[in-house]
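Peer 1: Right, I'll just put the structure down here and ask away after.
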Amino acid sequence: MAANLWWVWNHEGSQLFEKLDEKLWKSTEGNPALLLQSLSVKRMGEIIDNESLMNEVEQVYALFRNYIDVSPDPSKPSIAYFSMEYGLTNVLKIYSGGLGVLAGDYLKEASDSRVDLVAVGFLYRYGYFTQSLSMEGQQIANYEAQNFGTLPLVQVMNSEGRPVVLEVPFPGRIVYAYIWKVNVGRISLYLMDTDIPQNSEWDRSITHQLYGGDWENRMKQEYMLGIGGILMLHKLGIKKQVYHCNEGHAALINAQRLVDYIQGERLSFNEALEVVRASGVYTVHTPVPAGHDYFEESLFGRYMGEFPAKMGISWQEFIDMGRENPGSNEKFSMSVFALNTCQEANGVSLLHGKVSQRMFAPIWKGYFPEELHVTSVTNGVHMPTWAATEWKRFFADHFDPNFVNDQSNKTYWEAIQHVSDEEIWNIRKTLKKKLVEYIRVQFKDNWLKNQGDPFQIVSILEKINPNALLIGFGRRFATYKRAHLLFTDLERLAKIVNNEKHPTQFIYTGKAHPADGGGQGLIKHIIEISRRPEFLGKIIFLENYDIRLARRLISGVDVWLNTPTRPLEASGTSGEKAEMNGVLNFSVLDGWWYEGYREGAGWALTDKRSYENQQYQDQLDAASIYHILENEIIPLYYARNSKGFSPEWVQYIKNSISQIAPDYTMKRMLDDYINRIYNKLATRSAHLKENGYAKAKEIAAWKEEVVEHWDSFEVESFETDKEWFSNQPLVGKVYSYHLVINRKELKGMLGVDMVIGWDNPETNNLDLKAVHTFELKKEEGPRLFFELKVAAAEAGIHKVGFRVYPVNPALPHRMDFAYVRWIAV
């Protein structure tokens, strides 16, 4: 059990380990592997002689075996999942923030849902940094080496009991890696480790730090994750139906997969590309182009220069696969390469999906962003991990017995509406007290060490009030997160936090990237404010935000505050974690909250922008925050009845849990991936592979023929209604168009669209209004006869164009082969 992370989200397991030795459990930071290694012989004897404890060991082990000894669901596709980071437990420091925690939650839910999934990543020697603060409030990044022998993982050995060594061809050398396995319930996570004696110092550092080093180190990491990750699966004898890139870091898996099909299956490059693309999905997590990885051609060529020859294509053809504009001198984009080699792509919230369509639109010229295949699967959180034990017991007592297996069923969650207000209020009080006690115990020593004045520290600890309205803010300190908004008007803020009748306290936490001076300056600024007399003990900054602290904070505060600059929050999941604990969200309508917000179940800052000047917008948003706090949130919380609680506040909690939480579980997210993406990929890729890749070869040959003769077809006649183009069409009147195209040497079928756009004065863009597809009336040899009848839908000035595109029902979507020719009227 210690070597399987099942105990992370099953409290019976973690509680059992704690009972073995409470002091050791605390000193090992909840690491069962290290705890068992550290148990004294005397203590082992005491455990064995304790009949009650041994009975509990047997009972918990029976639960564990009943869970583990279940086969994967054969009706669900098998998945290979690649990510730079995984946030599974604070013990395993191979994550930095939201992306990793999401990946960790994903593995846990895949285990719970019996998905046949294998995950690939790195075992970092130093991981991401541990944060401490100087006396002046300056962030200090400490990189602490992990001792792999004390972690809950196992090294992969060969039949002779020796470490399996992965050999990855790098230019001019071999890079070697040990392979480690993390058991995540029923799921295997394989991690590569290059910090071994067989490598040079230059290559040992590949897996030293997460997101550390220069661009060349990043290139080596992404080469290792992609190329090395696929080679590792080969070495372990693992094949899956679908290959999922969690961010563009893993895009090079498709370069190696192309080589495998070309060299191993004797396919041509175009045939191999059909097969690889049909089984690939790319998930993008960033809403701005600057957030993607771009490599200079010289650096990229140093590492990938041998691959075009292996694929049977030129260097220019290969590097153009990573450029929005082939033939240009643009840097190689991992995201563009992923999009060109994966059939499916998605953002991580409804709004982010639309943002991603606009961001990636230049890749498929001739189509508007709204027409792209890029979709969205809104992120969720693993409820059994993030719901506090008190809430999980509550769900077990009041919800349907099948609740955990069917978390998206809102009727189960609605049962909370019939529970007494007092029971819910008491859970919230219990969790608040736990948070306050955690802060007092965990941070006292650090504060005494870093903040000097012991009397001030004692004062802060005493002023943390579990009966006050507690508002939490925890996330990466990037400037777009706007942690500074609350501190725009300090005089107004001081009145809020010093109201003796309605005490309100703010708890901040988060790390800034070591290279982000602005983010670090923001942390320092908040700490300086928190030390002012009027804010002492009322505004608190907790250092070293990690999974342990997050679990306490998102369950212990009353309100979760989020203030990003819209639309720069791709999703955000901390607020979703708060949802699982009856904590109410107060956020900008961005990311997941844009679709999650419900009136009477939380609070929202408008998504509408009033000022182009960001400073003015920040001031307006800050004023809105103060206003909502003063006039809505604080009065509601303190509208106490004779029993000492606010029934209206509890009703908000009930609404939040019943109306919002069901849509933001990892169970719902994984089901969405399976039903909307994985099933589609598994079915189509299997079809393309049948009968010696017959369908893949057929599609590749058709595309090659279209490319060769694309410029040959001609418009023989195009009859249009003159009234439409006289700028005086009548709304509601039906107009007819007749088009004849002679394909000449082109053998494939064609389609024609009428595309209507309009100049949007707000964005200064040409936006899509409507698309009407012509009907093919008949085919006579190379001639195609099309007709369209369409009514003018609305008045106004519009722009109209006609585009021709290749048609093949075997394609998954038009972006798979986005050839377009615009024709003149």
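In the structure tokens, chains take the letters A, B, ... in the order shown, each chain's residues start at 1, and ligands count up from 1 in the order shown.
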Would you mind listing what lies within 9 Å of His484 of chain A as a PyMOL selection string, with only C-alpha atoms counted and same-chain residues fewer than 2 positions away left out?
Peer 2: chain A and resi 479+481-482+486-488+522+525-526
Peer 1: Restrict the selected residues to all heavy atoms and save them as a PDB file, in the first residue's frame.
Peer 2:
ATOM      1  N   THR A 479       1.615  38.104 -13.099  1.00  0.00           N
ATOM      2  CA  THR A 479       1.022  39.438 -12.999  1.00  0.00           C
ATOM      3  C   THR A 479      -0.424  39.461 -13.503  1.00  0.00           C
ATOM      4  O   THR A 479      -1.237  40.236 -12.986  1.00  0.00           O
ATOM      5  CB  THR A 479       1.869  40.461 -13.767  1.00  0.00           C
ATOM      6  OG1 THR A 479       2.139  39.952 -15.076  1.00  0.00           O
ATOM      7  CG2 THR A 479       3.190  40.705 -13.056  1.00  0.00           C
ATOM      8  N   LYS A 481      -2.697  37.453 -12.952  1.00  0.00           N
ATOM      9  CA  LYS A 481      -3.609  36.979 -11.909  1.00  0.00           C
ATOM     10  C   LYS A 481      -4.107  38.134 -11.031  1.00  0.00           C
ATOM     11  O   LYS A 481      -5.046  37.978 -10.275  1.00  0.00           O
ATOM     12  CB  LYS A 481      -2.907  35.947 -11.026  1.00  0.00           C
ATOM     13  CG  LYS A 481      -2.364  34.722 -11.772  1.00  0.00           C
ATOM     14  CD  LYS A 481      -3.413  33.691 -12.036  1.00  0.00           C
ATOM     15  CE  LYS A 481      -2.802  32.398 -12.555  1.00  0.00           C
ATOM     16  NZ  LYS A 481      -3.802  31.343 -12.816  1.00  0.00           N
ATOM     17  N   ARG A 482      -3.422  39.262 -11.100  1.00  0.00           N
ATOM     18  CA  ARG A 482      -3.836  40.516 -10.445  1.00  0.00           C
ATOM     19  C   ARG A 482      -4.084  40.351  -8.933  1.00  0.00           C
ATOM     20  O   ARG A 482      -5.118  40.774  -8.417  1.00  0.00           O
ATOM     21  CB  ARG A 482      -5.064  41.099 -11.135  1.00  0.00           C
ATOM     22  CG  ARG A 482      -4.849  41.456 -12.588  1.00  0.00           C
ATOM     23  CD  ARG A 482      -5.923  42.379 -13.102  1.00  0.00           C
ATOM     24  NE  ARG A 482      -7.254  41.775 -13.030  1.00  0.00           N
ATOM     25  CZ  ARG A 482      -8.384  42.410 -13.371  1.00  0.00           C
ATOM     26  NH1 ARG A 482      -8.344  43.662 -13.799  1.00  0.00           N
ATOM     27  NH2 ARG A 482      -9.549  41.805 -13.285  1.00  0.00           N
ATOM     28  N   LEU A 486      -6.831  43.829  -4.627  1.00  0.00           N
ATOM     29  CA  LEU A 486      -7.424  44.073  -3.306  1.00  0.00           C
ATOM     30  C   LEU A 486      -6.750  45.246  -2.598  1.00  0.00           C
ATOM     31  O   LEU A 486      -7.344  45.876  -1.729  1.00  0.00           O
ATOM     32  CB  LEU A 486      -7.320  42.809  -2.456  1.00  0.00           C
ATOM     33  CG  LEU A 486      -8.050  42.837  -1.115  1.00  0.00           C
ATOM     34  CD1 LEU A 486      -9.561  42.862  -1.326  1.00  0.00           C
ATOM     35  CD2 LEU A 486      -7.662  41.638  -0.252  1.00  0.00           C
ATOM     36  N   PHE A 487      -5.500  45.539  -2.994  1.00  0.00           N
ATOM     37  CA  PHE A 487      -4.708  46.541  -2.272  1.00  0.00           C
ATOM     38  C   PHE A 487      -4.672  47.886  -2.991  1.00  0.00           C
ATOM     39  O   PHE A 487      -3.812  48.710  -2.742  1.00  0.00           O
ATOM     40  CB  PHE A 487      -3.295  45.998  -2.054  1.00  0.00           C
ATOM     41  CG  PHE A 487      -3.301  44.632  -1.424  1.00  0.00           C
ATOM     42  CD1 PHE A 487      -3.111  43.494  -2.194  1.00  0.00           C
ATOM     43  CD2 PHE A 487      -3.545  44.481  -0.067  1.00  0.00           C
ATOM     44  CE1 PHE A 487      -3.151  42.233  -1.625  1.00  0.00           C
ATOM     45  CE2 PHE A 487      -3.583  43.225   0.514  1.00  0.00           C
ATOM     46  CZ  PHE A 487      -3.383  42.091  -0.269  1.00  0.00           C
ATOM     47  N   THR A 488      -5.629  48.091  -3.879  1.00  0.00           N
ATOM     48  CA  THR A 488      -5.689  49.336  -4.637  1.00  0.00           C
ATOM     49  C   THR A 488      -6.067  50.521  -3.747  1.00  0.00           C
ATOM     50  O   THR A 488      -5.547  51.623  -3.897  1.00  0.00           O
ATOM     51  CB  THR A 488      -6.705  49.197  -5.791  1.00  0.00           C
ATOM     52  OG1 THR A 488      -6.332  48.071  -6.593  1.00  0.00           O
ATOM     53  CG2 THR A 488      -6.735  50.443  -6.652  1.00  0.00           C
ATOM     54  N   LEU A 522       5.358  41.479  -6.402  1.00  0.00           N
ATOM     55  CA  LEU A 522       3.981  41.497  -5.910  1.00  0.00           C
ATOM     56  C   LEU A 522       3.873  40.785  -4.559  1.00  0.00           C
ATOM     57  O   LEU A 522       3.198  41.275  -3.638  1.00  0.00           O
ATOM     58  CB  LEU A 522       3.071  40.831  -6.933  1.00  0.00           C
ATOM     59  CG  LEU A 522       1.575  41.061  -6.822  1.00  0.00           C
ATOM     60  CD1 LEU A 522       1.241  42.527  -6.681  1.00  0.00           C
ATOM     61  CD2 LEU A 522       0.875  40.463  -8.033  1.00  0.00           C
ATOM     62  N   HIS A 525       5.308  43.051  -1.982  1.00  0.00           N
ATOM     63  CA  HIS A 525       4.401  44.166  -1.717  1.00  0.00           C
ATOM     64  C   HIS A 525       3.289  43.740  -0.766  1.00  0.00           C
ATOM     65  O   HIS A 525       2.952  44.475   0.190  1.00  0.00           O
ATOM     66  CB  HIS A 525       3.812  44.653  -3.045  1.00  0.00           C
ATOM     67  CG  HIS A 525       2.819  45.757  -2.916  1.00  0.00           C
ATOM     68  ND1 HIS A 525       3.120  46.985  -2.370  1.00  0.00           N
ATOM     69  CD2 HIS A 525       1.493  45.827  -3.266  1.00  0.00           C
ATOM     70  CE1 HIS A 525       2.055  47.757  -2.391  1.00  0.00           C
ATOM     71  NE2 HIS A 525       1.051  47.071  -2.916  1.00  0.00           N
ATOM     72  N   ILE A 526       2.705  42.565  -0.981  1.00  0.00           N
ATOM     73  CA  ILE A 526       1.616  42.084  -0.126  1.00  0.00           C
ATOM     74  C   ILE A 526       2.124  41.834   1.288  1.00  0.00           C
ATOM     75  O   ILE A 526       1.454  42.161   2.280  1.00  0.00           O
ATOM     76  CB  ILE A 526       0.981  40.816  -0.729  1.00  0.00           C
ATOM     77  CG1 ILE A 526       0.235  41.170  -2.025  1.00  0.00           C
ATOM     78  CG2 ILE A 526       0.043  40.134   0.271  1.00  0.00           C
ATOM     79  CD1 ILE A 526      -0.284  39.983  -2.792  1.00  0.00           C
TER      80      ILE A 526
END
Peer 1: Using backbone DSSP assignments, extract all alpha helix (DSSP H) residues from segment 206-429 of chain A; output them as a PyMOL selection string.
Peer 2: chain A and resi 215-223+229-235+253-264+269-277+297-304+307-311+315-320+334-341+350-360+383-386+389-398+410-413+421-429
Peer 1: Compile the contact shell of Val715 of chain A as a list in words: residues with an atom at most 8 Å away, counting only C-alpha atoms, same-chain residues fewer than 5 positions apart removed.
Peer 2: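 In the requested format, the answer is Leu739, Val740, Ile741, Asn742 and Ile823 of chain A.
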Peer 1: With all heavy atoms retained, could you export that selection as a PDB file, in the first residue's frame?
Peer 2:
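As written to disk, part-v2.pdb reads:
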ATOM      1  N   LEU A 739     -23.714  27.231 -60.034  1.00  0.00           N
ATOM      2  CA  LEU A 739     -22.273  27.204 -60.260  1.00  0.00           C
ATOM      3  C   LEU A 739     -21.891  25.908 -60.959  1.00  0.00           C
ATOM      4  O   LEU A 739     -22.348  24.828 -60.568  1.00  0.00           O
ATOM      5  CB  LEU A 739     -21.547  27.309 -58.912  1.00  0.00           C
ATOM      6  CG  LEU A 739     -20.035  27.138 -58.889  1.00  0.00           C
ATOM      7  CD1 LEU A 739     -19.349  28.285 -59.628  1.00  0.00           C
ATOM      8  CD2 LEU A 739     -19.548  27.081 -57.437  1.00  0.00           C
ATOM      9  N   VAL A 740     -21.053  26.014 -61.982  1.00  0.00           N
ATOM     10  CA  VAL A 740     -20.518  24.833 -62.676  1.00  0.00           C
ATOM     11  C   VAL A 740     -19.005  24.882 -62.596  1.00  0.00           C
ATOM     12  O   VAL A 740     -18.383  25.879 -62.986  1.00  0.00           O
ATOM     13  CB  VAL A 740     -20.969  24.774 -64.148  1.00  0.00           C
ATOM     14  CG1 VAL A 740     -20.375  23.529 -64.832  1.00  0.00           C
ATOM     15  CG2 VAL A 740     -22.490  24.772 -64.254  1.00  0.00           C
ATOM     16  N   ILE A 741     -18.401  23.809 -62.063  1.00  0.00           N
ATOM     17  CA  ILE A 741     -16.945  23.706 -61.955  1.00  0.00           C
ATOM     18  C   ILE A 741     -16.479  22.535 -62.804  1.00  0.00           C
ATOM     19  O   ILE A 741     -17.025  21.428 -62.721  1.00  0.00           O
ATOM     20  CB  ILE A 741     -16.512  23.500 -60.488  1.00  0.00           C
ATOM     21  CG1 ILE A 741     -16.798  24.759 -59.664  1.00  0.00           C
ATOM     22  CG2 ILE A 741     -15.026  23.145 -60.405  1.00  0.00           C
ATOM     23  CD1 ILE A 741     -16.419  24.636 -58.204  1.00  0.00           C
ATOM     24  N   ASN A 742     -15.480  22.786 -63.615  1.00  0.00           N
ATOM     25  CA  ASN A 742     -14.827  21.726 -64.396  1.00  0.00           C
ATOM     26  C   ASN A 742     -13.552  21.324 -63.660  1.00  0.00           C
ATOM     27  O   ASN A 742     -12.614  22.113 -63.549  1.00  0.00           O
ATOM     28  CB  ASN A 742     -14.491  22.235 -65.799  1.00  0.00           C
ATOM     29  CG  ASN A 742     -14.001  21.110 -66.704  1.00  0.00           C
ATOM     30  OD1 ASN A 742     -13.470  20.099 -66.227  1.00  0.00           O
ATOM     31  ND2 ASN A 742     -14.187  21.277 -68.008  1.00  0.00           N
ATOM     32  N   ILE A 823     -13.208  31.886 -55.114  1.00  0.00           N
ATOM     33  CA  ILE A 823     -13.526  32.105 -56.534  1.00  0.00           C
ATOM     34  C   ILE A 823     -14.262  33.426 -56.696  1.00  0.00           C
ATOM     35  O   ILE A 823     -14.991  33.874 -55.809  1.00  0.00           O
ATOM     36  CB  ILE A 823     -14.368  30.950 -57.122  1.00  0.00           C
ATOM     37  CG1 ILE A 823     -15.663  30.755 -56.323  1.00  0.00           C
ATOM     38  CG2 ILE A 823     -13.551  29.674 -57.146  1.00  0.00           C
ATOM     39  CD1 ILE A 823     -16.586  29.699 -56.920  1.00  0.00           C
TER      40      ILE A 823
END
Peer 1: Could you pull the residues within 10 Å of Pro74 of chain A, counting only C-alpha atoms, minus those fewer than 2 positions along the same chain, as JSON, numbers by chain?
Peer 2: {"A": [71, 72, 76, 77, 78, 114, 115, 116]}
Peer 1: What would the file look like if the residues just selected were written as a PDB file, in the first residue's frame with all heavy atoms?
Peer 2:
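Saved result, selection.pdb, follows:
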ATOM      1  N   SER A  71     -10.126  -5.256 -13.260  1.00  0.00           N
ATOM      2  CA  SER A  71      -9.556  -5.087 -14.598  1.00  0.00           C
ATOM      3  C   SER A  71     -10.062  -3.806 -15.245  1.00  0.00           C
ATOM      4  O   SER A  71     -11.146  -3.304 -14.896  1.00  0.00           O
ATOM      5  CB  SER A  71      -9.929  -6.286 -15.479  1.00  0.00           C
ATOM      6  OG  SER A  71      -9.435  -7.482 -14.912  1.00  0.00           O
ATOM      7  N   PRO A  72      -9.315  -3.276 -16.201  1.00  0.00           N
ATOM      8  CA  PRO A  72      -9.784  -2.088 -16.932  1.00  0.00           C
ATOM      9  C   PRO A  72     -11.076  -2.387 -17.681  1.00  0.00           C
ATOM     10  O   PRO A  72     -11.367  -3.533 -18.034  1.00  0.00           O
ATOM     11  CB  PRO A  72      -8.634  -1.796 -17.909  1.00  0.00           C
ATOM     12  CG  PRO A  72      -7.443  -2.475 -17.329  1.00  0.00           C
ATOM     13  CD  PRO A  72      -7.958  -3.679 -16.611  1.00  0.00           C
ATOM     14  N   LYS A  76     -13.736   1.103 -22.933  1.00  0.00           N
ATOM     15  CA  LYS A  76     -13.101   2.417 -23.020  1.00  0.00           C
ATOM     16  C   LYS A  76     -11.763   2.307 -23.717  1.00  0.00           C
ATOM     17  O   LYS A  76     -11.011   1.358 -23.480  1.00  0.00           O
ATOM     18  CB  LYS A  76     -12.924   3.007 -21.611  1.00  0.00           C
ATOM     19  CG  LYS A  76     -14.252   3.252 -20.890  1.00  0.00           C
ATOM     20  CD  LYS A  76     -14.055   3.646 -19.434  1.00  0.00           C
ATOM     21  CE  LYS A  76     -15.406   3.858 -18.753  1.00  0.00           C
ATOM     22  NZ  LYS A  76     -15.280   4.117 -17.299  1.00  0.00           N
ATOM     23  N   PRO A  77     -11.423   3.256 -24.586  1.00  0.00           N
ATOM     24  CA  PRO A  77     -10.147   3.184 -25.308  1.00  0.00           C
ATOM     25  C   PRO A  77      -8.957   3.226 -24.354  1.00  0.00           C
ATOM     26  O   PRO A  77      -9.034   3.785 -23.262  1.00  0.00           O
ATOM     27  CB  PRO A  77     -10.169   4.437 -26.196  1.00  0.00           C
ATOM     28  CG  PRO A  77     -11.592   4.855 -26.254  1.00  0.00           C
ATOM     29  CD  PRO A  77     -12.214   4.431 -24.964  1.00  0.00           C
ATOM     30  N   SER A  78      -7.858   2.640 -24.786  1.00  0.00           N
ATOM     31  CA  SER A  78      -6.621   2.703 -24.005  1.00  0.00           C
ATOM     32  C   SER A  78      -5.854   3.966 -24.389  1.00  0.00           C
ATOM     33  O   SER A  78      -5.848   4.382 -25.554  1.00  0.00           O
ATOM     34  CB  SER A  78      -5.767   1.455 -24.241  1.00  0.00           C
ATOM     35  OG  SER A  78      -5.420   1.325 -25.601  1.00  0.00           O
ATOM     36  N   ARG A 114     -11.555   3.002 -14.221  1.00  0.00           N
ATOM     37  CA  ARG A 114     -11.085   1.754 -14.863  1.00  0.00           C
ATOM     38  C   ARG A 114     -10.694   1.978 -16.325  1.00  0.00           C
ATOM     39  O   ARG A 114     -11.010   1.181 -17.211  1.00  0.00           O
ATOM     40  CB  ARG A 114     -12.152   0.667 -14.762  1.00  0.00           C
ATOM     41  CG  ARG A 114     -12.500   0.238 -13.344  1.00  0.00           C
ATOM     42  CD  ARG A 114     -13.707  -0.682 -13.323  1.00  0.00           C
ATOM     43  NE  ARG A 114     -13.551  -1.789 -14.247  1.00  0.00           N
ATOM     44  CZ  ARG A 114     -14.537  -2.388 -14.885  1.00  0.00           C
ATOM     45  NH1 ARG A 114     -15.792  -1.962 -14.709  1.00  0.00           N
ATOM     46  NH2 ARG A 114     -14.319  -3.397 -15.709  1.00  0.00           N
ATOM     47  N   VAL A 115      -9.979   3.054 -16.583  1.00  0.00           N
ATOM     48  CA  VAL A 115      -9.469   3.319 -17.928  1.00  0.00           C
ATOM     49  C   VAL A 115      -8.090   2.681 -18.060  1.00  0.00           C
ATOM     50  O   VAL A 115      -7.258   2.781 -17.163  1.00  0.00           O
ATOM     51  CB  VAL A 115      -9.374   4.835 -18.195  1.00  0.00           C
ATOM     52  CG1 VAL A 115      -8.756   5.109 -19.554  1.00  0.00           C
ATOM     53  CG2 VAL A 115     -10.760   5.473 -18.099  1.00  0.00           C
ATOM     54  N   ASP A 116      -7.856   2.032 -19.181  1.00  0.00           N
ATOM     55  CA  ASP A 116      -6.550   1.424 -19.459  1.00  0.00           C
ATOM     56  C   ASP A 116      -5.613   2.542 -19.916  1.00  0.00           C
ATOM     57  O   ASP A 116      -5.542   2.862 -21.101  1.00  0.00           O
ATOM     58  CB  ASP A 116      -6.701   0.350 -20.538  1.00  0.00           C
ATOM     59  CG  ASP A 116      -5.384  -0.332 -20.885  1.00  0.00           C
ATOM     60  OD1 ASP A 116      -4.367  -0.040 -20.224  1.00  0.00           O
ATOM     61  OD2 ASP A 116      -5.362  -1.149 -21.823  1.00  0.00           O
TER      62      ASP A 116
END
Peer 1: Show which residues sit within 7 Å of segment 164-169 of chain A, as a PDB file with all heavy atoms, in the first residue's frame. Count only C-alpha atoms, and ignore same-chain residues fewer than 6 positions away.
Peer 2:
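Written file, result-v8.pdb:
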ATOM      1  N   VAL A 156      12.127   0.338 -12.115  1.00  0.00           N
ATOM      2  CA  VAL A 156      11.831  -0.767 -13.025  1.00  0.00           C
ATOM      3  C   VAL A 156      13.102  -1.586 -13.224  1.00  0.00           C
ATOM      4  O   VAL A 156      14.151  -1.050 -13.610  1.00  0.00           O
ATOM      5  CB  VAL A 156      11.294  -0.248 -14.368  1.00  0.00           C
ATOM      6  CG1 VAL A 156      11.038  -1.401 -15.333  1.00  0.00           C
ATOM      7  CG2 VAL A 156      10.011   0.554 -14.143  1.00  0.00           C
ATOM      8  N   MET A 157      13.015  -2.882 -12.958  1.00  0.00           N
ATOM      9  CA  MET A 157      14.158  -3.798 -13.052  1.00  0.00           C
ATOM     10  C   MET A 157      13.932  -4.814 -14.173  1.00  0.00           C
ATOM     11  O   MET A 157      12.795  -5.118 -14.538  1.00  0.00           O
ATOM     12  CB  MET A 157      14.347  -4.537 -11.722  1.00  0.00           C
ATOM     13  CG  MET A 157      14.569  -3.625 -10.524  1.00  0.00           C
ATOM     14  SD  MET A 157      16.172  -2.787 -10.604  1.00  0.00           S
ATOM     15  CE  MET A 157      16.201  -1.990  -8.979  1.00  0.00           C
ATOM     16  N   ASN A 158      15.039  -5.353 -14.683  1.00  0.00           N
ATOM     17  CA  ASN A 158      14.922  -6.414 -15.682  1.00  0.00           C
ATOM     18  C   ASN A 158      14.799  -7.774 -14.995  1.00  0.00           C
ATOM     19  O   ASN A 158      14.765  -7.868 -13.765  1.00  0.00           O
ATOM     20  CB  ASN A 158      16.089  -6.367 -16.668  1.00  0.00           C
ATOM     21  CG  ASN A 158      17.441  -6.587 -15.985  1.00  0.00           C
ATOM     22  OD1 ASN A 158      17.524  -7.155 -14.892  1.00  0.00           O
ATOM     23  ND2 ASN A 158      18.508  -6.139 -16.633  1.00  0.00           N
ATOM     24  N   VAL A 175      21.769   9.266 -24.704  1.00  0.00           N
ATOM     25  CA  VAL A 175      21.419   9.689 -23.347  1.00  0.00           C
ATOM     26  C   VAL A 175      20.693   8.527 -22.681  1.00  0.00           C
ATOM     27  O   VAL A 175      19.768   7.948 -23.251  1.00  0.00           O
ATOM     28  CB  VAL A 175      20.542  10.950 -23.352  1.00  0.00           C
ATOM     29  CG1 VAL A 175      20.030  11.255 -21.948  1.00  0.00           C
ATOM     30  CG2 VAL A 175      21.330  12.137 -23.890  1.00  0.00           C
ATOM     31  N   TYR A 176      21.153   8.189 -21.499  1.00  0.00           N
ATOM     32  CA  TYR A 176      20.610   7.035 -20.781  1.00  0.00           C
ATOM     33  C   TYR A 176      19.662   7.507 -19.674  1.00  0.00           C
ATOM     34  O   TYR A 176      19.827   8.602 -19.131  1.00  0.00           O
ATOM     35  CB  TYR A 176      21.749   6.210 -20.167  1.00  0.00           C
ATOM     36  CG  TYR A 176      22.750   5.726 -21.193  1.00  0.00           C
ATOM     37  CD1 TYR A 176      23.887   6.479 -21.492  1.00  0.00           C
ATOM     38  CD2 TYR A 176      22.549   4.529 -21.870  1.00  0.00           C
ATOM     39  CE1 TYR A 176      24.804   6.050 -22.432  1.00  0.00           C
ATOM     40  CE2 TYR A 176      23.462   4.085 -22.827  1.00  0.00           C
ATOM     41  CZ  TYR A 176      24.585   4.850 -23.101  1.00  0.00           C
ATOM     42  OH  TYR A 176      25.487   4.419 -24.035  1.00  0.00           O
ATOM     43  N   ALA A 177      18.715   6.670 -19.354  1.00  0.00           N
ATOM     44  CA  ALA A 177      17.762   7.022 -18.290  1.00  0.00           C
ATOM     45  C   ALA A 177      17.326   5.768 -17.550  1.00  0.00           C
ATOM     46  O   ALA A 177      17.075   4.726 -18.162  1.00  0.00           O
ATOM     47  CB  ALA A 177      16.544   7.731 -18.866  1.00  0.00           C
ATOM     48  N   TYR A 178      17.244   5.880 -16.224  1.00  0.00           N
ATOM     49  CA  TYR A 178      16.552   4.872 -15.433  1.00  0.00           C
ATOM     50  C   TYR A 178      15.052   5.115 -15.569  1.00  0.00           C
ATOM     51  O   TYR A 178      14.604   6.226 -15.873  1.00  0.00           O
ATOM     52  CB  TYR A 178      16.950   4.950 -13.965  1.00  0.00           C
ATOM     53  CG  TYR A 178      18.332   4.423 -13.640  1.00  0.00           C
ATOM     54  CD1 TYR A 178      19.012   4.870 -12.504  1.00  0.00           C
ATOM     55  CD2 TYR A 178      18.955   3.471 -14.451  1.00  0.00           C
ATOM     56  CE1 TYR A 178      20.270   4.394 -12.185  1.00  0.00           C
ATOM     57  CE2 TYR A 178      20.217   2.992 -14.142  1.00  0.00           C
ATOM     58  CZ  TYR A 178      20.871   3.450 -13.017  1.00  0.00           C
ATOM     59  OH  TYR A 178      22.125   2.973 -12.704  1.00  0.00           O
ATOM     60  N   ILE A 179      14.280   4.076 -15.330  1.00  0.00           N
ATOM     61  CA  ILE A 179      12.827   4.179 -15.400  1.00  0.00           C
ATOM     62  C   ILE A 179      12.257   3.855 -14.024  1.00  0.00           C
ATOM     63  O   ILE A 179      12.594   2.837 -13.417  1.00  0.00           O
ATOM     64  CB  ILE A 179      12.247   3.192 -16.448  1.00  0.00           C
ATOM     65  CG1 ILE A 179      12.842   3.466 -17.834  1.00  0.00           C
ATOM     66  CG2 ILE A 179      10.722   3.313 -16.490  1.00  0.00           C
ATOM     67  CD1 ILE A 179      12.459   2.420 -18.884  1.00  0.00           C
ATOM     68  N   GLY A 228      12.084  10.197 -26.205  1.00  0.00           N
ATOM     69  CA  GLY A 228      12.403   9.228 -25.163  1.00  0.00           C
ATOM     70  C   GLY A 228      11.168   8.553 -24.594  1.00  0.00           C
ATOM     71  O   GLY A 228      11.184   7.357 -24.275  1.00  0.00           O
ATOM     72  N   MET A 232      10.596   4.626 -24.524  1.00  0.00           N
ATOM     73  CA  MET A 232      10.410   3.942 -23.247  1.00  0.00           C
ATOM     74  C   MET A 232       9.213   3.000 -23.313  1.00  0.00           C
ATOM     75  O   MET A 232       9.291   1.853 -22.838  1.00  0.00           O
ATOM     76  CB  MET A 232      10.229   4.953 -22.121  1.00  0.00           C
ATOM     77  CG  MET A 232       9.991   4.302 -20.762  1.00  0.00           C
ATOM     78  SD  MET A 232       9.861   5.498 -19.404  1.00  0.00           S
ATOM     79  CE  MET A 232       8.303   6.282 -19.799  1.00  0.00           C
TER      80      MET A 232
END
Peer 1: Between atom CA of Val182 of chain A and atom CA of Ser200 of chain A, what is the distance in Å, rounded to a tenth?
Peer 2: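 Atom CA of Val182 of chain A sits 26.2 Å away from atom CA of Ser200 of chain A.
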